[in-house]
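Contents: one structure, followed by commentary.
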Amino acid sequence: MKILIVIDSIGTGGAQKLKAELALGLVAHNCQVEMFIYNKFTDEFFASDLSKAGIKVHIVSKKGSGFSVVVLNELRILLSQNFDIVISSMHAPSIYSALALLGKRKCKLIVCDESSSMAPISLFRRCMFYLATLFSDFVVPNSFNEAKLMKKLPGRSKKIRPIWNGYDLSLIPFYLNKSYMNKGIERLLVVGRIAHPKNGVSFLRALSLFQKRNGWLPEIKWVGRNDNDKRSIKMRSEMDLFLSLEPEIQKKWSWEGVVNDVRDYYQTSDALIHVSIYEGLPNVICEAMLAGCFVIASDVCDHPLIIGKNDRGLLCDPNIPESICNALENLNQMESKKKLEIVKKAREFSEAEFNRDIMTKKYVSLFYEK
């Protein structure tokens with residue numbers, strides 16, 4: 001089985017990580033896998049792993065922003081090499097893939113969407129992506145919530161197959177730091193883009209409320225890059241202003257930037273805080289649960305399915321800072337036995353649901369489904 005995965009880059013990012021994981025999983029299932037990208041980042045975060053697995057990466061230099069005829073033409077030329085399956089990820093790569101396959105439908109097209117329909121994109125791009133999903137054989141969102149939203153539009157409900165994220169479990173060992181279990185919260189972790197959906201200002205307001213109620217604050221580290229869209233730039237500016245006016249929080253706050261390996265952060269933090277206002281299925285929640293890091297997540301999208309009724313973490317309302325603060329206080333006051341029970345249940349659940357081999361098998365089953 002010869003497969004081409006089309007995505008914008010193999011740099012840092014949730015969709016990029018998932019497609020790298022899928023590529024490696026497909027190779028383990030004896031598939032011949034190649035990738036097509038058109039944004040070459042300096043970090044090329046997953047390039048080494050892909051190279052070691054013998055996965056060829058075709059790189060096209062895209063100049064400027066917006067639609068590129070060069071990218072489309074190069075993809076059409078590549079697709080003349082008799083691929084059996086094309087898997088695209090994200091809006092623009094899926095649009096390129098659908099257009100490149102016009103008149104060449106000898107292979108299946110699987111369109112993946114790791115984002116949310118609530119994300120702000122232009123009407124033109126939204127319509128073009130919708131047409132790409134209509135043209136595809138299958139549409140694979142990585143969350144059941146997004147699958148429901150997708151089915152509201154006509155013409156594609158029968159081809160939608162939600163598949164949760166999958167990871168190589170051997171690379172995410174369960175690390176239980178019992179010294180943290182016996183204390184209140186001392187170190188909190190945020191992992192993700194510094195972007196509007198991540199709800200940074202509400203989190204800061206929750207920390208301010210926590211400090212007023214309790215007279216102290218834990219350390220907070222935020223790992224991730226800055227997004228450069230207008231709403232994200234505005235949120236970062238609002239966060240910087242908030243921190244400048246709240247010196248007690250600023251003393252405890254650290255922007256960590258992009259890191260090569262986030263596992264050390266999971267092992268040295270009391271909890272991952274993920275209070276986004278909408279999501280697909282975040283890698284960081286899945287990885288934290290696998291790693292043994294307690295998770296506090298917003299009560300949106302698939303998070304309730306993953307966390308359960310506070311069985312495998314704690315949920316909060318991302319739009320109400322008091323709700324976020326309450327979750328922090330609940331964790332701080334939680335007995336060590338209860339914390340231990342929750343993180344163990346989280347690991348058991350995530351081992352069963354976020355296994356790369358299981359994810360890969362679900363994709364492979366689509367290759368043969370008519």
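Identifiers in the structure tokens: chain A, B, ... in order shown; residue index from 1 per chain; ligand index from 1 in order shown.
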
Which residues come within 12 Å of Tyr130 (chain A), counting only C-alpha atoms, excluding same-chain residues fewer than 2 positions away, as an MDAnalysis selection string?
-> chainID A and resid 90:92 94:95 98 111:113 117 123:128 132:136 139 150:156

Please dump the current selection as a tab-separated table (two decimals), in the first residue's frame; keep N, CA, C and O atoms.
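The result, stored in result.tsv:
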```tsv
chain	number	residue	atom	x	y	z
A	90	MET	N	-5.50	19.30	7.85
A	90	MET	CA	-5.70	20.74	7.93
A	90	MET	C	-6.39	21.25	6.66
A	90	MET	O	-6.46	20.57	5.65
A	91	HIS	N	-6.86	22.50	6.74
A	91	HIS	CA	-7.70	23.04	5.68
A	91	HIS	C	-6.97	23.20	4.35
A	91	HIS	O	-7.39	22.63	3.34
A	92	ALA	N	-5.91	23.99	4.35
A	92	ALA	CA	-5.23	24.27	3.07
A	92	ALA	C	-4.67	23.01	2.42
A	92	ALA	O	-4.87	22.80	1.21
A	94	SER	N	-5.74	20.04	2.60
A	94	SER	CA	-6.87	19.25	2.10
A	94	SER	C	-7.44	19.86	0.82
A	94	SER	O	-7.85	19.14	-0.10
A	95	ILE	N	-7.47	21.18	0.75
A	95	ILE	CA	-7.93	21.85	-0.47
A	95	ILE	C	-6.98	21.56	-1.63
A	95	ILE	O	-7.40	21.21	-2.74
A	98	ALA	N	-7.51	17.85	-2.76
A	98	ALA	CA	-8.73	17.64	-3.55
A	98	ALA	C	-8.56	18.19	-4.97
A	98	ALA	O	-8.93	17.53	-5.95
A	111	VAL	N	-9.58	13.01	4.17
A	111	VAL	CA	-9.37	14.37	4.66
A	111	VAL	C	-9.47	14.36	6.19
A	111	VAL	O	-10.47	13.90	6.74
A	112	CYS	N	-8.43	14.85	6.85
A	112	CYS	CA	-8.41	14.89	8.32
A	112	CYS	C	-8.57	16.32	8.81
A	112	CYS	O	-8.07	17.26	8.18
A	113	ASP	N	-9.23	16.45	9.94
A	113	ASP	CA	-9.40	17.77	10.54
A	113	ASP	C	-9.14	17.67	12.04
A	113	ASP	O	-9.90	17.04	12.77
A	117	SER	N	-14.69	23.43	14.20
A	117	SER	CA	-15.51	24.29	13.35
A	117	SER	C	-15.71	25.67	13.96
A	117	SER	O	-16.14	26.61	13.28
A	123	LEU	N	-14.55	32.84	5.12
A	123	LEU	CA	-15.67	32.14	4.50
A	123	LEU	C	-15.22	31.38	3.26
A	123	LEU	O	-15.66	30.25	3.01
A	124	PHE	N	-14.30	31.96	2.50
A	124	PHE	CA	-13.83	31.31	1.27
A	124	PHE	C	-13.11	30.00	1.61
A	124	PHE	O	-13.39	28.96	1.01
A	125	ARG	N	-12.20	30.05	2.60
A	125	ARG	CA	-11.48	28.84	2.97
A	125	ARG	C	-12.42	27.80	3.56
A	125	ARG	O	-12.29	26.61	3.29
A	126	ARG	N	-13.37	28.26	4.37
A	126	ARG	CA	-14.34	27.33	4.95
A	126	ARG	C	-15.13	26.60	3.86
A	126	ARG	O	-15.35	25.39	3.92
A	127	CYS	N	-15.56	27.36	2.83
A	127	CYS	CA	-16.32	26.76	1.73
A	127	CYS	C	-15.46	25.80	0.92
A	127	CYS	O	-15.92	24.71	0.52
A	128	MET	N	-14.20	26.18	0.66
A	128	MET	CA	-13.31	25.32	-0.11
A	128	MET	C	-13.00	24.03	0.64
A	128	MET	O	-12.94	22.95	0.05
A	132	ALA	N	-13.79	20.16	-0.36
A	132	ALA	CA	-12.78	19.11	-0.31
A	132	ALA	C	-13.29	17.88	0.44
A	132	ALA	O	-13.04	16.74	0.05
A	133	THR	N	-14.04	18.12	1.52
A	133	THR	CA	-14.61	16.98	2.27
A	133	THR	C	-15.67	16.26	1.45
A	133	THR	O	-15.81	15.03	1.53
A	134	LEU	N	-16.44	17.00	0.63
A	134	LEU	CA	-17.42	16.37	-0.24
A	134	LEU	C	-16.74	15.49	-1.29
A	134	LEU	O	-17.24	14.43	-1.67
A	135	PHE	N	-15.60	15.94	-1.76
A	135	PHE	CA	-14.84	15.22	-2.80
A	135	PHE	C	-14.14	13.99	-2.23
A	135	PHE	O	-13.84	13.04	-2.96
A	136	SER	N	-13.89	13.99	-0.94
A	136	SER	CA	-13.10	12.92	-0.32
A	136	SER	C	-13.91	11.63	-0.20
A	136	SER	O	-15.14	11.61	-0.33
A	139	VAL	N	-13.85	11.43	5.81
A	139	VAL	CA	-13.44	12.61	6.58
A	139	VAL	C	-13.17	12.14	8.00
A	139	VAL	O	-14.02	11.50	8.62
A	150	MET	N	-19.67	18.51	12.05
A	150	MET	CA	-19.51	18.28	10.61
A	150	MET	C	-20.76	17.68	9.98
A	150	MET	O	-21.11	17.99	8.84
A	151	LYS	N	-21.44	16.83	10.73
A	151	LYS	CA	-22.62	16.14	10.18
A	151	LYS	C	-23.81	17.08	10.01
A	151	LYS	O	-24.80	16.71	9.36
A	152	LYS	N	-23.72	18.28	10.54
A	152	LYS	CA	-24.82	19.23	10.38
A	152	LYS	C	-24.92	19.76	8.95
A	152	LYS	O	-25.97	20.22	8.53
A	153	LEU	N	-23.80	19.72	8.22
A	153	LEU	CA	-23.82	20.15	6.82
A	153	LEU	C	-24.10	18.95	5.93
A	153	LEU	O	-23.63	17.84	6.21
A	154	PRO	N	-24.83	19.13	4.84
A	154	PRO	CA	-25.26	17.98	4.02
A	154	PRO	C	-24.13	17.38	3.19
A	154	PRO	O	-23.12	18.03	2.91
A	155	GLY	N	-24.32	16.12	2.82
A	155	GLY	CA	-23.48	15.50	1.81
A	155	GLY	C	-22.30	14.69	2.32
A	155	GLY	O	-21.62	14.05	1.51
A	156	ARG	N	-22.05	14.68	3.62
A	156	ARG	CA	-20.84	13.98	4.06
A	156	ARG	C	-21.03	13.18	5.34
A	156	ARG	O	-20.07	12.58	5.84
```

Shell around region 246-259 of chain A at 12 Å using only C-alpha atoms, local window under 6 positions removed, as an NGL selection string = :A and (11-13 or 43 or 45 or 186-194 or 203-212 or 215-227 or 236 or 239-240 or 265)

Would you list the contacts of Glu353 (chain A) as a list of chain:residue names, taking every protein, DNA or RNA residue within 10 Å and counting only C-alpha atoms, but skipping same-chain residues closer than 6 positions in sequence?
-> A:Ile163, A:Trp164, A:Asn165, A:Gly166, A:Tyr167, A:Cys286, A:Ile306, A:Arg347, A:Met359

Okay, now the selection with N, CA and C atoms, as an mmCIF file, in the first residue's frame?
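What follows is the written file out.cif:
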```cif
data_model
loop_
_atom_site.group_PDB
_atom_site.id
_atom_site.type_symbol
_atom_site.label_atom_id
_atom_site.label_comp_id
_atom_site.auth_asym_id
_atom_site.auth_seq_id
_atom_site.Cartn_x
_atom_site.Cartn_y
_atom_site.Cartn_z
ATOM 1 N N ILE A 163 -11.573 9.621 14.693
ATOM 2 C CA ILE A 163 -10.500 8.763 15.223
ATOM 3 C C ILE A 163 -9.682 9.596 16.201
ATOM 4 N N TRP A 164 -9.610 9.132 17.442
ATOM 5 C CA TRP A 164 -8.825 9.837 18.451
ATOM 6 C C TRP A 164 -7.330 9.720 18.178
ATOM 7 N N ASN A 165 -6.565 10.582 18.828
ATOM 8 C CA ASN A 165 -5.114 10.618 18.683
ATOM 9 C C ASN A 165 -4.475 9.315 19.161
ATOM 10 N N GLY A 166 -3.306 9.009 18.593
ATOM 11 C CA GLY A 166 -2.563 7.831 19.029
ATOM 12 C C GLY A 166 -1.077 8.125 19.142
ATOM 13 N N TYR A 167 -0.421 7.485 20.105
ATOM 14 C CA TYR A 167 0.994 7.752 20.394
ATOM 15 C C TYR A 167 1.741 6.444 20.631
ATOM 16 N N CYS A 286 -3.805 14.366 26.152
ATOM 17 C CA CYS A 286 -3.550 12.928 26.000
ATOM 18 C C CYS A 286 -2.186 12.548 26.559
ATOM 19 N N ILE A 306 -13.167 12.404 27.892
ATOM 20 C CA ILE A 306 -11.834 11.959 28.296
ATOM 21 C C ILE A 306 -11.681 11.987 29.816
ATOM 22 N N ARG A 347 -4.151 7.122 33.210
ATOM 23 C CA ARG A 347 -3.191 6.334 32.441
ATOM 24 C C ARG A 347 -3.874 5.107 31.825
ATOM 25 N N MET A 359 -4.901 3.615 16.669
ATOM 26 C CA MET A 359 -5.213 4.696 15.733
ATOM 27 C C MET A 359 -4.865 4.274 14.305
#
```

Spatial neighbours of Tyr363 (chain A), max dist 9 Å, only C-alpha atoms, sep filter under 3 positions, as a PyMOL selection string = chain A and resi 22+26+140+163+358-360+366-367

Residues of region 314-344 of chain A that have any atom at most 6 Å from an atom of region 297-300 of chain A: could you tabulate them with the shortest-distance atom pair and the distance in Å to one decimal, using only C-alpha atoms, ordered by chain and increasing number, as a Markdown table?
```
| residue | atom | partner | partner_atom | distance |
| --- | --- | --- | --- | --- |
| A:Leu315 | CA | A:Ala297 | CA | 5.0 |
| A:Cys316 | CA | A:Ser298 | CA | 4.9 |
| A:Asp317 | CA | A:Ser298 | CA | 5.6 |
| A:Pro318 | CA | A:Ser298 | CA | 5.3 |
```

Serialized selection, N, CA, C and O atoms, as a PDB file, in the first residue's frame:
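To be explicit, this is the file written out as part.pdb:
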```pdb
ATOM      1  N   LEU A 315     -12.672  19.074  35.573  1.00  0.00           N
ATOM      2  CA  LEU A 315     -13.203  19.934  34.529  1.00  0.00           C
ATOM      3  C   LEU A 315     -13.595  21.289  35.114  1.00  0.00           C
ATOM      4  O   LEU A 315     -13.911  21.398  36.299  1.00  0.00           O
ATOM      5  N   CYS A 316     -13.569  22.315  34.269  1.00  0.00           N
ATOM      6  CA  CYS A 316     -13.987  23.656  34.700  1.00  0.00           C
ATOM      7  C   CYS A 316     -14.616  24.378  33.526  1.00  0.00           C
ATOM      8  O   CYS A 316     -14.425  23.997  32.365  1.00  0.00           O
ATOM      9  N   ASP A 317     -15.352  25.416  33.820  1.00  0.00           N
ATOM     10  CA  ASP A 317     -15.950  26.263  32.783  1.00  0.00           C
ATOM     11  C   ASP A 317     -14.907  27.299  32.370  1.00  0.00           C
ATOM     12  O   ASP A 317     -14.509  28.150  33.179  1.00  0.00           O
ATOM     13  N   PRO A 318     -14.435  27.257  31.116  1.00  0.00           N
ATOM     14  CA  PRO A 318     -13.360  28.167  30.704  1.00  0.00           C
ATOM     15  C   PRO A 318     -13.762  29.633  30.652  1.00  0.00           C
ATOM     16  O   PRO A 318     -12.902  30.512  30.656  1.00  0.00           O
TER      17      PRO A 318
END
```

Atomic distance CA of Ser88 (chain A) - CA of Ser116 (chain A), expressed in Å with one decimal |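 Atom-to-atom, CA of Ser88 (chain A) and CA of Ser116 (chain A) are spaced 16.0 Å apart.
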
List every residue of region 269-319 of chain A that DSSP, applied to the backbone of this structure, places in strand (DSSP E), and write the result as a tab-separated table (two decimals) with N, CA and C atoms, in the first residue's frame.
```tsv
chain	number	residue	atom	x	y	z
A	271	ALA	N	0.19	19.74	37.82
A	271	ALA	CA	-0.97	19.60	36.94
A	271	ALA	C	-0.74	20.34	35.62
A	272	LEU	N	-1.32	19.78	34.58
A	272	LEU	CA	-1.46	20.48	33.30
A	272	LEU	C	-2.76	21.25	33.34
A	273	ILE	N	-2.71	22.54	32.99
A	273	ILE	CA	-3.91	23.37	32.95
A	273	ILE	C	-4.23	23.65	31.48
A	274	HIS	N	-5.42	23.24	31.05
A	274	HIS	CA	-5.80	23.41	29.65
A	274	HIS	C	-7.23	23.94	29.59
A	294	PHE	N	-1.42	15.19	36.43
A	294	PHE	CA	-2.83	15.52	36.68
A	294	PHE	C	-3.30	16.55	35.65
A	295	VAL	N	-4.55	16.44	35.20
A	295	VAL	CA	-5.08	17.34	34.17
A	295	VAL	C	-6.30	18.10	34.70
A	296	ILE	N	-6.25	19.42	34.54
A	296	ILE	CA	-7.43	20.27	34.71
A	296	ILE	C	-7.76	20.82	33.32
A	297	ALA	N	-8.97	20.52	32.83
A	297	ALA	CA	-9.33	20.88	31.46
A	297	ALA	C	-10.69	21.58	31.43
A	298	SER	N	-10.87	22.38	30.39
A	298	SER	CA	-12.16	23.04	30.18
A	298	SER	C	-13.23	22.02	29.81
A	314	LEU	N	-9.91	17.00	36.41
A	314	LEU	CA	-10.95	17.93	36.84
A	314	LEU	C	-11.37	18.79	35.66
A	315	LEU	N	-12.67	19.07	35.57
A	315	LEU	CA	-13.20	19.93	34.53
A	315	LEU	C	-13.59	21.29	35.11
A	316	CYS	N	-13.57	22.32	34.27
A	316	CYS	CA	-13.99	23.66	34.70
A	316	CYS	C	-14.62	24.38	33.53
```

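With distances restricted to only C-alpha atoms, A:Leu281 is the closest residue to Leu305 (chain A) from A:Leu328, A:Leu169, A:Ile160, A:Leu281.
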
Residue with smallest distance to Lys108 (chain A) - pool A:Asn82, A:Asn326, A:Gln16, A:Asn228, counting only C-alpha atoms | A:Asn82

Shell around Glu146 (chain A) at 9 Å using only C-alpha atoms, local window under 2 positions removed, as a ChimeraX atom specification = /A:113-117,141-144,148-151,162,279-280,301-302

For the residues in that selection, give me N, CA and C atoms as a PDB file, in the first residue's frame.
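Result written to selection-v2.pdb:
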```pdb
ATOM      1  N   ASP A 113      -9.227  16.452   9.942  1.00  0.00           N
ATOM      2  CA  ASP A 113      -9.402  17.775  10.540  1.00  0.00           C
ATOM      3  C   ASP A 113      -9.139  17.672  12.036  1.00  0.00           C
ATOM      4  N   GLU A 114      -8.033  18.282  12.468  1.00  0.00           N
ATOM      5  CA  GLU A 114      -7.661  18.250  13.881  1.00  0.00           C
ATOM      6  C   GLU A 114      -8.054  19.529  14.615  1.00  0.00           C
ATOM      7  N   SER A 115      -8.806  20.387  13.950  1.00  0.00           N
ATOM      8  CA  SER A 115      -9.205  21.650  14.575  1.00  0.00           C
ATOM      9  C   SER A 115     -10.671  21.592  14.954  1.00  0.00           C
ATOM     10  N   SER A 116     -11.287  22.747  15.042  1.00  0.00           N
ATOM     11  CA  SER A 116     -12.704  22.845  15.422  1.00  0.00           C
ATOM     12  C   SER A 116     -13.435  23.754  14.452  1.00  0.00           C
ATOM     13  N   SER A 117     -14.690  23.434  14.200  1.00  0.00           N
ATOM     14  CA  SER A 117     -15.515  24.294  13.347  1.00  0.00           C
ATOM     15  C   SER A 117     -15.712  25.669  13.958  1.00  0.00           C
ATOM     16  N   PRO A 141     -12.251  13.588  11.539  1.00  0.00           N
ATOM     17  CA  PRO A 141     -11.937  14.528  12.622  1.00  0.00           C
ATOM     18  C   PRO A 141     -11.311  13.748  13.775  1.00  0.00           C
ATOM     19  N   ASN A 142     -10.524  14.437  14.605  1.00  0.00           N
ATOM     20  CA  ASN A 142      -9.913  13.707  15.734  1.00  0.00           C
ATOM     21  C   ASN A 142     -10.709  13.892  17.020  1.00  0.00           C
ATOM     22  N   SER A 143     -11.979  14.288  16.880  1.00  0.00           N
ATOM     23  CA  SER A 143     -12.850  14.370  18.056  1.00  0.00           C
ATOM     24  C   SER A 143     -14.282  14.047  17.653  1.00  0.00           C
ATOM     25  N   PHE A 144     -15.032  13.470  18.588  1.00  0.00           N
ATOM     26  CA  PHE A 144     -16.426  13.130  18.331  1.00  0.00           C
ATOM     27  C   PHE A 144     -17.292  14.382  18.305  1.00  0.00           C
ATOM     28  N   LYS A 148     -19.815  15.559  15.163  1.00  0.00           N
ATOM     29  CA  LYS A 148     -21.213  15.994  15.266  1.00  0.00           C
ATOM     30  C   LYS A 148     -21.443  17.302  14.517  1.00  0.00           C
ATOM     31  N   LEU A 149     -20.518  18.247  14.692  1.00  0.00           N
ATOM     32  CA  LEU A 149     -20.650  19.541  14.016  1.00  0.00           C
ATOM     33  C   LEU A 149     -20.563  19.377  12.504  1.00  0.00           C
ATOM     34  N   MET A 150     -19.672  18.506  12.047  1.00  0.00           N
ATOM     35  CA  MET A 150     -19.510  18.285  10.607  1.00  0.00           C
ATOM     36  C   MET A 150     -20.763  17.682   9.983  1.00  0.00           C
ATOM     37  N   LYS A 151     -21.445  16.831  10.727  1.00  0.00           N
ATOM     38  CA  LYS A 151     -22.615  16.142  10.184  1.00  0.00           C
ATOM     39  C   LYS A 151     -23.814  17.081  10.007  1.00  0.00           C
ATOM     40  N   PRO A 162     -14.731   9.632  13.077  1.00  0.00           N
ATOM     41  CA  PRO A 162     -13.827  10.219  14.084  1.00  0.00           C
ATOM     42  C   PRO A 162     -12.826   9.194  14.590  1.00  0.00           C
ATOM     43  N   GLU A 279     -11.696  23.174  21.016  1.00  0.00           N
ATOM     44  CA  GLU A 279     -10.579  22.299  20.664  1.00  0.00           C
ATOM     45  C   GLU A 279     -11.019  21.263  19.648  1.00  0.00           C
ATOM     46  N   GLY A 280     -10.031  20.601  19.042  1.00  0.00           N
ATOM     47  CA  GLY A 280     -10.253  19.298  18.454  1.00  0.00           C
ATOM     48  C   GLY A 280     -10.037  18.321  19.605  1.00  0.00           C
ATOM     49  N   CYS A 301     -16.050  20.369  24.163  1.00  0.00           N
ATOM     50  CA  CYS A 301     -15.710  19.409  23.109  1.00  0.00           C
ATOM     51  C   CYS A 301     -15.616  17.988  23.665  1.00  0.00           C
ATOM     52  N   ASP A 302     -14.519  17.270  23.403  1.00  0.00           N
ATOM     53  CA  ASP A 302     -14.391  15.887  23.872  1.00  0.00           C
ATOM     54  C   ASP A 302     -13.802  15.773  25.273  1.00  0.00           C
TER      55      ASP A 302
END
```

From the list A:Ser269, A:Leu176, A:Lys230, A:Asp357, which residue is nearest Ala28 (chain A) when using only C-alpha atoms?
->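 Distance minimum relative to Ala28 (chain A) lands on A:Asp357.
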
Sel. of helix (DSSP H, G or I) residues, region 66-313 of chain A, as a PyMOL selection string = chain A and resi 69-81+91-100+123-135+144-150+157-159+169-171+178-181+196-198+200-214+230-245+247-252+263-267+283-291+303-307

Of the listed residues A:Ile85, A:Ala47, A:Leu78, A:Ile320, that which approaches Gln32 (chain A) most closely, counting only C-alpha atoms = A:Ile85

Contact residues around Pro197 (chain A) with only C-alpha atoms at 8 Å, ignoring same-chain residues under 6 positions, as a PyMOL selection string = chain A and resi 276-279

Give the answer as one residue: which of A:Ser244, A:Ser336, A:Ser170, A:Asn283 has the shortest atom-to-atom distance to Val262 (chain A), using only C-alpha atoms?
-> A:Asn283

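Counting from CA of Ser232 (chain A), the distance to CA of Phe67 (chain A) is 22.6 Å.
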
Which of A:Val60, A:Leu24, A:Phe174, A:Asn30 sits closest to Ser48 (chain A) [using only C-alpha atoms] | A:Leu24
